[in-house]
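A.B. asks: File name data.txt; file contents compact mmCIF, C-alpha atoms; full text below.
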```
# COMPACT_ATOMS: atom_id res chain seq x y z
CA MET A 1 2.16 49.21 15.14
CA LEU A 2 4.53 47.32 12.87
CA ASP A 3 7.17 45.95 15.24
CA VAL A 4 9.98 44.58 13.06
CA GLU A 5 11.39 42.35 15.79
CA GLN A 6 7.95 40.76 16.18
CA LEU A 7 7.55 40.21 12.44
CA LEU A 8 10.95 38.68 11.76
CA SER A 9 12.05 35.14 12.72
CA ARG A 10 15.52 33.71 12.34
CA PHE A 11 15.49 29.97 11.61
CA ASN A 12 18.25 27.47 12.16
CA PRO A 13 17.52 24.76 9.56
CA ALA A 14 20.20 22.49 11.04
CA THR A 15 18.79 22.40 14.58
CA GLY A 16 15.12 23.25 14.00
CA GLU A 17 15.32 26.25 16.29
CA ILE A 18 13.91 29.75 15.86
CA SER A 19 15.77 32.42 17.81
CA GLY A 20 13.86 33.52 20.88
CA VAL A 21 11.14 30.89 20.50
CA PRO A 22 10.67 28.08 23.06
CA VAL A 23 11.23 24.56 21.75
CA VAL A 24 8.89 21.72 22.75
CA LYS A 25 10.75 18.40 22.93
CA ARG A 26 9.26 14.94 22.60
CA HIS A 27 11.21 11.94 23.80
CA LEU A 28 10.61 8.25 23.15
CA GLY A 29 8.70 7.94 26.42
CA ASP A 30 6.16 10.51 25.23
CA LEU A 31 5.10 8.33 22.28
CA ARG A 32 3.79 5.19 23.99
CA GLY A 33 1.06 3.70 21.82
CA CYS A 34 2.24 5.32 18.60
CA PHE A 35 4.61 2.70 17.21
CA ALA A 36 3.46 -0.47 15.51
CA ASP A 37 5.74 -2.82 17.44
CA PRO A 38 5.13 -2.39 21.19
CA LYS A 39 7.79 -4.94 22.15
CA ALA A 40 10.45 -3.08 20.20
CA TYR A 41 9.20 0.16 21.75
CA GLU A 42 9.43 -1.08 25.33
CA ALA A 43 12.83 -2.67 24.71
CA ALA A 44 14.20 0.58 23.27
CA LEU A 45 12.74 2.64 26.12
CA ALA A 46 14.29 0.28 28.69
CA GLN A 47 17.67 1.17 27.18
CA SER A 48 17.26 4.95 26.95
CA ASN A 49 14.78 7.76 26.38
CA PRO A 50 16.19 9.66 23.39
CA LEU A 51 14.86 12.84 21.87
CA LEU A 52 12.60 11.93 18.92
CA TYR A 53 11.57 15.38 17.77
CA SER A 54 11.16 19.02 18.65
CA VAL A 55 8.78 21.75 17.55
CA ALA A 56 9.14 25.53 17.78
CA ALA A 57 6.06 27.58 16.92
CA VAL A 58 5.55 31.29 16.26
CA GLU A 59 2.09 32.74 16.84
CA PRO A 60 2.20 36.39 15.80
CA ALA A 61 -1.57 36.94 16.05
CA GLY A 62 -4.73 34.90 16.44
CA GLY A 63 -7.38 36.57 14.30
CA ASP A 64 -9.25 35.37 11.24
CA GLY A 65 -6.79 35.66 8.34
CA ASP A 66 -3.74 35.33 10.60
CA LEU A 67 -1.21 32.53 10.29
CA HIS A 68 0.93 30.58 12.69
CA TYR A 69 4.13 28.84 11.67
CA GLY A 70 6.78 26.65 13.09
CA VAL A 71 9.75 24.39 12.57
CA GLY A 72 9.88 20.71 13.31
CA MET A 73 13.04 18.65 13.74
CA ILE A 74 12.94 14.85 13.81
CA MET A 75 15.98 12.79 14.71
CA PRO A 76 17.03 9.81 12.56
CA GLY A 77 16.28 6.40 14.03
CA LYS A 78 13.80 3.54 14.15
CA ILE A 79 11.72 1.51 16.58
CA GLY A 80 11.70 -1.94 15.02
CA ASP A 81 11.11 -1.18 11.34
CA GLU A 82 9.27 2.08 11.99
CA TYR A 83 10.94 5.46 11.63
CA PHE A 84 11.17 8.06 14.38
CA MET A 85 8.07 10.21 13.89
CA THR A 86 5.71 12.75 15.39
CA LYS A 87 2.54 11.91 17.30
CA GLY A 88 0.57 13.39 14.42
CA HIS A 89 -2.50 15.53 14.65
CA LEU A 90 -5.73 16.79 13.15
CA HIS A 91 -6.59 20.45 13.34
CA SER A 92 -9.21 21.32 15.95
CA TRP A 93 -10.79 23.51 13.28
CA ARG A 94 -11.04 20.73 10.72
CA PRO A 95 -11.12 22.83 7.51
CA ALA A 96 -7.64 24.22 8.32
CA ALA A 97 -4.97 23.11 5.84
CA GLU A 98 -1.22 23.12 6.52
CA PHE A 99 1.74 23.89 4.28
CA TYR A 100 4.92 21.86 4.92
CA PHE A 101 8.31 22.65 3.42
CA ASN A 102 11.47 20.60 3.83
CA LEU A 103 14.50 22.53 5.11
CA ALA A 104 16.99 19.66 5.53
CA GLY A 105 17.07 15.86 5.61
CA LYS A 106 14.78 13.23 4.19
CA GLY A 107 11.19 13.04 5.39
CA MET A 108 7.96 11.25 4.71
CA MET A 109 4.44 12.27 5.64
CA LEU A 110 1.52 10.01 6.43
CA LEU A 111 -1.83 11.58 5.53
CA GLU A 112 -5.19 10.09 6.46
CA ASP A 113 -8.57 11.43 5.39
CA GLU A 114 -10.58 11.56 8.61
CA ALA A 115 -13.89 10.70 6.96
CA THR A 116 -12.81 7.82 4.72
CA GLY A 117 -9.62 6.55 6.36
CA GLU A 118 -7.92 6.80 2.96
CA SER A 119 -4.17 6.94 3.62
CA ARG A 120 -1.22 8.15 1.60
CA MET A 121 2.50 8.55 2.10
CA VAL A 122 4.09 11.66 0.59
CA GLU A 123 7.81 12.34 0.36
CA LEU A 124 9.04 15.47 2.14
CA LEU A 125 12.41 15.81 0.45
CA PRO A 126 14.65 18.90 0.22
CA THR A 127 12.97 21.74 -1.74
CA VAL A 128 9.65 19.86 -1.67
CA ALA A 129 6.40 21.30 -0.28
CA VAL A 130 3.50 19.15 0.85
CA TYR A 131 -0.01 20.55 1.11
CA VAL A 132 -2.07 18.89 3.84
CA PRO A 133 -5.75 19.59 3.12
CA GLY A 134 -8.25 20.20 5.90
CA HIS A 135 -9.91 17.19 7.56
CA THR A 136 -6.68 15.22 7.13
CA ALA A 137 -4.67 13.67 9.95
CA HIS A 138 -0.93 14.03 9.37
CA ARG A 139 2.22 12.59 10.85
CA THR A 140 5.81 13.26 9.79
CA MET A 141 8.77 10.89 9.99
CA ASN A 142 12.48 10.93 9.31
CA VAL A 143 13.36 8.27 6.72
CA GLY A 144 16.98 9.43 6.35
CA ARG A 145 20.17 9.25 8.37
CA THR A 146 20.49 12.91 9.39
CA PRO A 147 18.09 15.17 11.28
CA LEU A 148 15.02 16.20 9.29
CA THR A 149 13.90 19.82 9.63
CA TYR A 150 10.83 21.33 8.00
CA LEU A 151 8.59 24.31 8.35
CA GLY A 152 4.84 24.31 8.69
CA VAL A 153 2.42 27.20 8.09
CA TYR A 154 -1.26 27.03 9.06
CA PRO A 155 -4.22 29.29 9.80
CA ALA A 156 -3.90 30.83 13.27
CA LYS A 157 -7.23 29.39 14.31
CA ALA A 158 -6.36 25.80 13.23
CA GLY A 159 -5.55 24.47 16.69
CA HIS A 160 -4.10 21.01 17.32
CA ASP A 161 -6.19 17.95 18.10
CA TYR A 162 -4.01 15.08 19.32
CA ALA A 163 -6.78 13.20 21.11
CA ALA A 164 -8.35 11.47 18.10
CA ILE A 165 -5.02 9.97 17.11
CA ALA A 166 -4.04 9.07 20.68
CA ARG A 167 -7.31 7.08 20.78
CA ASN A 168 -7.19 5.25 17.44
CA ASN A 169 -3.71 5.93 16.04
CA PHE A 170 -3.44 6.08 12.25
CA ARG A 171 -4.96 3.34 10.14
CA CYS A 172 -1.60 2.75 8.46
CA ALA A 173 2.04 2.70 9.51
CA ILE A 174 5.06 3.47 7.36
CA LEU A 175 7.67 0.76 7.88
CA GLU A 176 11.01 0.07 6.29
CA ARG A 177 10.76 -2.90 3.91
CA HIS A 178 13.79 -3.91 1.79
CA GLY A 179 15.43 -0.60 2.69
CA LYS A 180 12.49 1.54 1.60
CA PRO A 181 9.50 3.14 3.34
CA GLU A 182 6.27 1.24 2.71
CA LEU A 183 2.68 2.08 3.66
CA ILE A 184 1.13 -0.85 5.53
CA GLU A 185 -2.30 -1.26 7.11
CA ARG A 186 -1.77 -1.63 10.84
CA LYS A 187 -4.36 -4.35 11.23
CA THR A 188 -2.30 -6.62 8.94
CA LEU A 189 0.75 -6.39 11.22
CA PRO A 190 1.50 -9.29 13.59
CA SER A 191 1.73 -6.89 16.53
CA ALA A 192 -1.64 -5.29 15.80
CA ALA A 193 -3.35 -7.26 18.56
CA SER A 194 -1.51 -5.18 21.16
CA TYR A 195 -3.32 -2.03 20.11
CA PRO A 196 -7.00 -1.17 20.05
CA MET B 1 -9.48 11.89 -2.55
CA LEU B 2 -5.88 12.47 -1.49
CA ASP B 3 -4.03 12.87 -4.79
CA VAL B 4 -0.32 12.83 -3.93
CA GLU B 5 0.75 14.54 -7.16
CA GLN B 6 -1.67 17.37 -6.38
CA LEU B 7 -0.38 17.73 -2.82
CA LEU B 8 3.32 17.74 -3.57
CA SER B 9 5.29 20.61 -5.16
CA ARG B 10 8.91 20.53 -6.22
CA PHE B 11 10.64 23.90 -5.83
CA ASN B 12 13.73 25.15 -7.57
CA PRO B 13 15.16 27.69 -5.11
CA ALA B 14 17.75 28.84 -7.67
CA THR B 15 15.28 29.78 -10.42
CA GLY B 16 12.09 30.41 -8.43
CA GLU B 17 10.20 27.74 -10.38
CA ILE B 18 7.80 25.06 -9.17
CA SER B 19 7.58 22.05 -11.45
CA GLY B 20 4.39 22.04 -13.51
CA VAL B 21 3.29 25.50 -12.34
CA PRO B 22 3.04 28.46 -14.75
CA VAL B 23 5.39 31.36 -14.04
CA VAL B 24 4.18 34.96 -14.31
CA LYS B 25 7.00 37.28 -15.45
CA ARG B 26 7.24 41.01 -14.87
CA HIS B 27 9.62 43.08 -16.94
CA LEU B 28 10.82 46.63 -16.41
CA GLY B 29 8.12 47.95 -18.75
CA ASP B 30 5.41 46.50 -16.49
CA LEU B 31 6.49 48.68 -13.55
CA ARG B 32 5.99 52.21 -14.90
CA GLY B 33 5.09 54.49 -11.99
CA CYS B 34 6.67 52.25 -9.34
CA PHE B 35 10.21 53.59 -9.15
CA ALA B 36 11.14 56.82 -7.39
CA ASP B 37 13.26 58.22 -10.23
CA PRO B 38 11.17 58.36 -13.43
CA LYS B 39 14.05 59.73 -15.53
CA ALA B 40 16.29 56.82 -14.57
CA TYR B 41 13.36 54.48 -15.26
CA GLU B 42 12.72 55.81 -18.77
CA ALA B 43 16.43 55.88 -19.59
CA ALA B 44 16.82 52.24 -18.50
CA LEU B 45 13.73 51.16 -20.42
CA ALA B 46 14.99 52.91 -23.56
CA GLN B 47 18.04 50.64 -23.37
CA SER B 48 16.27 47.32 -22.68
CA ASN B 49 13.29 45.70 -21.00
CA PRO B 50 14.85 43.16 -18.62
CA LEU B 51 13.04 40.64 -16.45
CA LEU B 52 12.62 42.12 -12.96
CA TYR B 53 10.81 39.29 -11.24
CA SER B 54 8.69 36.19 -11.60
CA VAL B 55 6.03 34.55 -9.48
CA ALA B 56 4.75 30.97 -9.52
CA ALA B 57 1.68 30.24 -7.40
CA VAL B 58 0.04 27.00 -6.29
CA GLU B 59 -3.66 27.09 -5.43
CA PRO B 60 -4.62 23.62 -4.22
CA ALA B 61 -8.10 24.63 -2.98
CA GLY B 62 -10.09 27.77 -2.32
CA GLY B 63 -12.17 27.13 0.78
CA ASP B 64 -12.11 28.73 4.21
CA GLY B 65 -9.07 27.26 5.99
CA ASP B 66 -7.23 26.52 2.74
CA LEU B 67 -3.88 28.07 1.85
CA HIS B 68 -2.23 29.18 -1.35
CA TYR B 69 1.52 29.44 -1.73
CA GLY B 70 4.09 30.50 -4.22
CA VAL B 71 7.66 31.35 -5.02
CA GLY B 72 8.96 34.73 -6.07
CA MET B 73 12.27 35.39 -7.81
CA ILE B 74 13.66 38.91 -8.14
CA MET B 75 16.69 39.67 -10.27
CA PRO B 76 19.55 41.80 -8.92
CA GLY B 77 19.73 45.33 -10.28
CA LYS B 78 18.73 48.95 -9.68
CA ILE B 79 16.88 51.83 -11.31
CA GLY B 80 18.83 54.85 -10.14
CA ASP B 81 19.39 54.10 -6.45
CA GLU B 82 16.32 51.90 -6.12
CA TYR B 83 16.51 48.13 -6.13
CA PHE B 84 14.64 45.87 -8.56
CA MET B 85 11.38 45.10 -6.78
CA THR B 86 7.83 43.81 -7.06
CA LYS B 87 4.79 46.01 -7.70
CA GLY B 88 3.64 45.22 -4.19
CA HIS B 89 0.11 44.48 -3.07
CA LEU B 90 -2.52 44.49 -0.39
CA HIS B 91 -4.77 41.49 0.06
CA SER B 92 -8.28 41.95 -1.30
CA TRP B 93 -9.47 40.35 1.93
CA ARG B 94 -7.63 42.78 4.17
CA PRO B 95 -7.31 40.64 7.34
CA ALA B 96 -5.26 38.05 5.41
CA ALA B 97 -1.66 37.81 6.59
CA GLU B 98 1.23 36.37 4.56
CA PHE B 99 4.24 34.32 5.58
CA TYR B 100 7.47 34.97 3.64
CA PHE B 101 10.56 32.78 3.82
CA ASN B 102 13.89 33.42 2.09
CA LEU B 103 15.18 30.57 -0.07
CA ALA B 104 18.25 32.25 -1.61
CA GLY B 105 19.78 35.69 -2.02
CA LYS B 106 19.43 38.90 -0.06
CA GLY B 107 16.05 40.59 0.15
CA MET B 108 14.29 43.45 1.84
CA MET B 109 10.59 44.00 2.39
CA LEU B 110 8.76 47.28 2.57
CA LEU B 111 5.66 47.09 4.79
CA GLU B 112 3.08 49.86 5.07
CA ASP B 113 0.13 49.90 7.42
CA GLU B 114 -2.82 50.83 5.21
CA ALA B 115 -4.64 52.79 7.91
CA THR B 116 -1.75 54.83 9.34
CA GLY B 117 0.82 54.84 6.51
CA GLU B 118 3.39 53.66 9.05
CA SER B 119 6.25 52.12 7.04
CA ARG B 120 9.00 49.67 7.90
CA MET B 121 11.78 47.87 6.09
CA VAL B 122 12.44 44.29 7.12
CA GLU B 123 15.37 42.16 6.00
CA LEU B 124 14.50 38.95 4.16
CA LEU B 125 17.83 37.17 4.48
CA PRO B 126 18.58 33.44 4.11
CA THR B 127 16.79 31.36 6.78
CA VAL B 128 14.70 34.38 7.80
CA ALA B 129 10.90 34.46 7.84
CA VAL B 130 8.88 37.68 7.72
CA TYR B 131 5.28 37.80 8.91
CA VAL B 132 3.19 40.36 7.04
CA PRO B 133 0.10 41.13 9.14
CA GLY B 134 -3.28 41.78 7.56
CA HIS B 135 -4.10 45.32 6.39
CA THR B 136 -0.44 45.80 5.42
CA ALA B 137 0.79 46.66 1.91
CA HIS B 138 4.01 44.80 1.10
CA ARG B 139 6.67 45.00 -1.59
CA THR B 140 9.81 42.87 -1.88
CA MET B 141 13.16 43.87 -3.37
CA ASN B 142 16.51 42.32 -4.13
CA VAL B 143 19.27 44.19 -2.28
CA GLY B 144 21.99 41.68 -3.19
CA ARG B 145 23.97 40.73 -6.28
CA THR B 146 22.42 37.35 -7.04
CA PRO B 147 18.78 36.38 -7.71
CA LEU B 148 16.55 36.49 -4.62
CA THR B 149 14.06 33.65 -4.23
CA TYR B 150 11.49 33.36 -1.46
CA LEU B 151 8.32 31.55 -0.69
CA GLY B 152 5.03 33.05 0.39
CA VAL B 153 2.08 31.32 2.08
CA TYR B 154 -1.30 33.01 2.55
CA PRO B 155 -4.96 32.18 3.17
CA ALA B 156 -6.60 30.92 -0.04
CA LYS B 157 -9.21 33.63 0.12
CA ALA B 158 -6.65 36.49 0.50
CA GLY B 159 -6.74 37.67 -3.11
CA HIS B 160 -4.39 40.32 -4.51
CA ASP B 161 -5.23 44.01 -4.69
CA TYR B 162 -2.73 45.88 -6.88
CA ALA B 163 -4.97 48.82 -7.63
CA ALA B 164 -4.49 50.79 -4.41
CA ILE B 165 -0.73 50.75 -4.87
CA ALA B 166 -0.89 51.50 -8.61
CA ARG B 167 -2.86 54.61 -7.62
CA ASN B 168 -0.79 55.97 -4.74
CA ASN B 169 2.38 53.85 -4.69
CA PHE B 170 3.96 53.30 -1.28
CA ARG B 171 4.56 56.24 1.01
CA CYS B 172 8.26 55.33 1.27
CA ALA B 173 10.94 54.01 -1.07
CA ILE B 174 13.97 51.94 -0.15
CA LEU B 175 17.03 53.42 -1.82
CA GLU B 176 20.72 52.60 -1.65
CA ARG B 177 22.56 55.21 0.40
CA HIS B 178 26.28 54.77 1.16
CA GLY B 179 26.02 51.18 -0.04
CA LYS B 180 23.10 50.30 2.25
CA PRO B 181 19.31 50.15 1.89
CA GLU B 182 17.61 53.13 3.52
CA LEU B 183 13.91 53.85 4.06
CA ILE B 184 13.07 57.30 2.67
CA GLU B 185 9.75 59.15 2.45
CA ARG B 186 8.96 59.57 -1.23
CA LYS B 187 7.72 63.13 -0.82
CA THR B 188 11.19 64.21 0.34
CA LEU B 189 12.82 62.96 -2.90
CA PRO B 190 13.71 65.49 -5.61
CA SER B 191 11.86 63.43 -8.21
CA ALA B 192 8.67 63.28 -6.13
CA ALA B 193 6.98 66.00 -8.23
CA SER B 194 6.76 63.59 -11.14
CA TYR B 195 4.39 61.32 -9.25
CA PRO B 196 1.01 62.00 -7.71
```
Write the structure described by the file as structure tokens, please.
C.D. replies:
Amino acid sequence: MLDVEQLLSRFNPATGEISGVPVVKRHLGDLRGCFADPKAYEAALAQSNPLLYSVAAVEPAGGDGDLHYGVGMIMPGKIGDEYFMTKGHLHSWRPAAEFYFNLAGKGMMLLEDEATGESRMVELLPTVAVYVPGHTAHRTMNVGRTPLTYLGVYPAKAGHDYAAIARNNFRCAILERHGKPELIERKTLPSAASYP
Amino acid sequence: MLDVEQLLSRFNPATGEISGVPVVKRHLGDLRGCFADPKAYEAALAQSNPLLYSVAAVEPAGGDGDLHYGVGMIMPGKIGDEYFMTKGHLHSWRPAAEFYFNLAGKGMMLLEDEATGESRMVELLPTVAVYVPGHTAHRTMNVGRTPLTYLGVYPAKAGHDYAAIARNNFRCAILERHGKPELIERKTLPSAASYP
């Protein structure tokens, strides 16, 4: 049965909401261990626990050939020199790719090849799409001054694996240097000793 | 190797182009047999052979778990009471779903369950996404007065099957009635005798 109300989603590109779909919210306190500067993180958290990002996902069906999709919204802001960002994930089913498309604001993505550790930053600007291949950890950040919203589309059976990144984080961080985002190996940062 | 230039696509939502990607163009003459009113079709074609729509597709990889994506642009206009539209297709790999997202203009989609013939029209308005399940023929039309652009994302192995629709067309047509799109069974139309 083709149920039109099930097949149609109304997006709000300004807020990152999809009508009728629950929104998962992540606050600063949910991202302990993610940011490169733990002192700046703890100092910010002692002041307040702001919303960093939200995700709303639509899962119309779960079979082979089906797709899931969602909208992410990341608030503008920084912890030290590092932009507000998502935890990042790999797909549980590693071959699963993901399509990202910017809806509003100025984003950046950090991609890391799981096998080689090779890392790249890719701009997620308005009207830009980023293709995240399978076997690639990915994290999104807001490098602008207004909320960033973007949509993601991925195979229904992709699944989300947050554990690998919670354990080892990404090899690189994207920090603001001279007013611009720069890809920097975490182990070269002075605060690296605080993390495994 | 993560090649940023390969992973990033720049869209032009106004023209339906993606930088560096070839655009396939379909003109009125390419759609013989698609429209419900063959007399109006031949009369229009005798006058001119305008562009009806274009498609630009990006195919980053072809494995299981990979995705392809593209942008469609449909010009405003009608043949008789029927809106300018795409040929429509099924996926060669029938379970493959497709995600559509409106980028500009006012669209409508015609969905038809291949097994039952059950047909639906679904609005593809700005900020709206339409999920086309597997095993579902789909055709897109421009029901507004400006170009319609939209993006589509689908499993890399979906493939396009145009033959089934070239043979039997869709069971229903979407025609303008009292200024609004209406879903009408083709066999009830006076011109139906002209088509198989």
A.B. asks: Any idea what's packed within 12 Å of B:Met85, counting all atoms listed in the file, ignoring anything in its chain fewer than 5 positions away? Could you give it as JSON, numbers by chain?
C.D. replies: {"B": [26, 27, 28, 30, 31, 34, 35, 36, 51, 52, 53, 54, 72, 73, 74, 75, 76, 77, 78, 79, 107, 108, 109, 110, 138, 139, 140, 141, 142, 143, 144, 147, 148, 173, 174, 175]}
A.B. asks: Put those residues in a file: C-alpha atoms, as a PDB file, in the frame of the given file.
C.D. replies:
```pdb
ATOM      1  CA  ARG B  26       7.240  41.010 -14.870  1.00  0.00           C
ATOM      2  CA  HIS B  27       9.620  43.080 -16.940  1.00  0.00           C
ATOM      3  CA  LEU B  28      10.820  46.630 -16.410  1.00  0.00           C
ATOM      4  CA  ASP B  30       5.410  46.500 -16.490  1.00  0.00           C
ATOM      5  CA  LEU B  31       6.490  48.680 -13.550  1.00  0.00           C
ATOM      6  CA  CYS B  34       6.670  52.250  -9.340  1.00  0.00           C
ATOM      7  CA  PHE B  35      10.210  53.590  -9.150  1.00  0.00           C
ATOM      8  CA  ALA B  36      11.140  56.820  -7.390  1.00  0.00           C
ATOM      9  CA  LEU B  51      13.040  40.640 -16.450  1.00  0.00           C
ATOM     10  CA  LEU B  52      12.620  42.120 -12.960  1.00  0.00           C
ATOM     11  CA  TYR B  53      10.810  39.290 -11.240  1.00  0.00           C
ATOM     12  CA  SER B  54       8.690  36.190 -11.600  1.00  0.00           C
ATOM     13  CA  GLY B  72       8.960  34.730  -6.070  1.00  0.00           C
ATOM     14  CA  MET B  73      12.270  35.390  -7.810  1.00  0.00           C
ATOM     15  CA  ILE B  74      13.660  38.910  -8.140  1.00  0.00           C
ATOM     16  CA  MET B  75      16.690  39.670 -10.270  1.00  0.00           C
ATOM     17  CA  PRO B  76      19.550  41.800  -8.920  1.00  0.00           C
ATOM     18  CA  GLY B  77      19.730  45.330 -10.280  1.00  0.00           C
ATOM     19  CA  LYS B  78      18.730  48.950  -9.680  1.00  0.00           C
ATOM     20  CA  ILE B  79      16.880  51.830 -11.310  1.00  0.00           C
ATOM     21  CA  GLY B 107      16.050  40.590   0.150  1.00  0.00           C
ATOM     22  CA  MET B 108      14.290  43.450   1.840  1.00  0.00           C
ATOM     23  CA  MET B 109      10.590  44.000   2.390  1.00  0.00           C
ATOM     24  CA  LEU B 110       8.760  47.280   2.570  1.00  0.00           C
ATOM     25  CA  HIS B 138       4.010  44.800   1.100  1.00  0.00           C
ATOM     26  CA  ARG B 139       6.670  45.000  -1.590  1.00  0.00           C
ATOM     27  CA  THR B 140       9.810  42.870  -1.880  1.00  0.00           C
ATOM     28  CA  MET B 141      13.160  43.870  -3.370  1.00  0.00           C
ATOM     29  CA  ASN B 142      16.510  42.320  -4.130  1.00  0.00           C
ATOM     30  CA  VAL B 143      19.270  44.190  -2.280  1.00  0.00           C
ATOM     31  CA  GLY B 144      21.990  41.680  -3.190  1.00  0.00           C
ATOM     32  CA  PRO B 147      18.780  36.380  -7.710  1.00  0.00           C
ATOM     33  CA  LEU B 148      16.550  36.490  -4.620  1.00  0.00           C
ATOM     34  CA  ALA B 173      10.940  54.010  -1.070  1.00  0.00           C
ATOM     35  CA  ILE B 174      13.970  51.940  -0.150  1.00  0.00           C
ATOM     36  CA  LEU B 175      17.030  53.420  -1.820  1.00  0.00           C
TER      37      LEU B 175
END
```
A.B. asks: Leaving out stretch 89-105 of chain B and any residue of its chain fewer than 6 positions from it, which residues lie within 7 Å of it when counting all atoms listed in the file, given as a PyMOL selection string?
C.D. replies: (chain A and resi 64-67) or (chain B and resi 13-14+124-139+144+146-155+157-162+165)
A.B. asks: Take atom CA of B:Val71 and atom CA of B:Asn12 and report the distance between them in Å, one decimal.
C.D. replies: 9.0 Å
A.B. asks: Edge lengths and centre in Å to one decimal, as lines of an AutoDock Vina configuration file, of the axis-aligned box that encloses all listed atoms of stretch 169-183 of chain A with 4 Å added on every side?
C.D. replies:
```
center_x = 5.2
center_y = 1.1
center_z = 8.8
size_x = 28.4
size_y = 18.0
size_z = 22.4
```
A.B. asks: Can you work out which one of B:Val24, B:Ala166, B:Leu183, B:Leu111 has the shortest atom-to-atom distance to chain A, counting only C-alpha atoms?
C.D. replies: B:Leu111
A.B. asks: What is the distance between atom CA of A:Arg10 and atom CA of B:Met121, in Å to one decimal?
C.D. replies: 15.9 Å
A.B. asks: Interatomic distance between atom CA of A:Pro181 and atom CA of A:Glu112?
C.D. replies: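 Taking atom CA of A:Pro181 as the start and atom CA of A:Glu112 as the end point, the length is 16.5 Å.
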A.B. asks: Skip A:Glu176 itself and residues of its chain fewer than 6 positions away, then list as a list in words all residues within 7 Å of it, counting only C-alpha atoms.
C.D. replies: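 What passes the distance filter is Asp81, Glu82 and Glu182 of chain A.
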A.B. asks: Counting only C-alpha atoms, which of B:Ala57, B:Ala43, B:Val4, B:Ala115 gets nearest to B:Gly20?
C.D. replies: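 Under the stated criterion, the closest residue is B:Ala57.
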A.B. asks: Go through A:Leu8, A:Ala156, A:Ala46, A:Ile18 and flag the residue nearest chain B, using only C-alpha atoms for the distances.
C.D. replies: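 The closest residue to chain B is A:Leu8.
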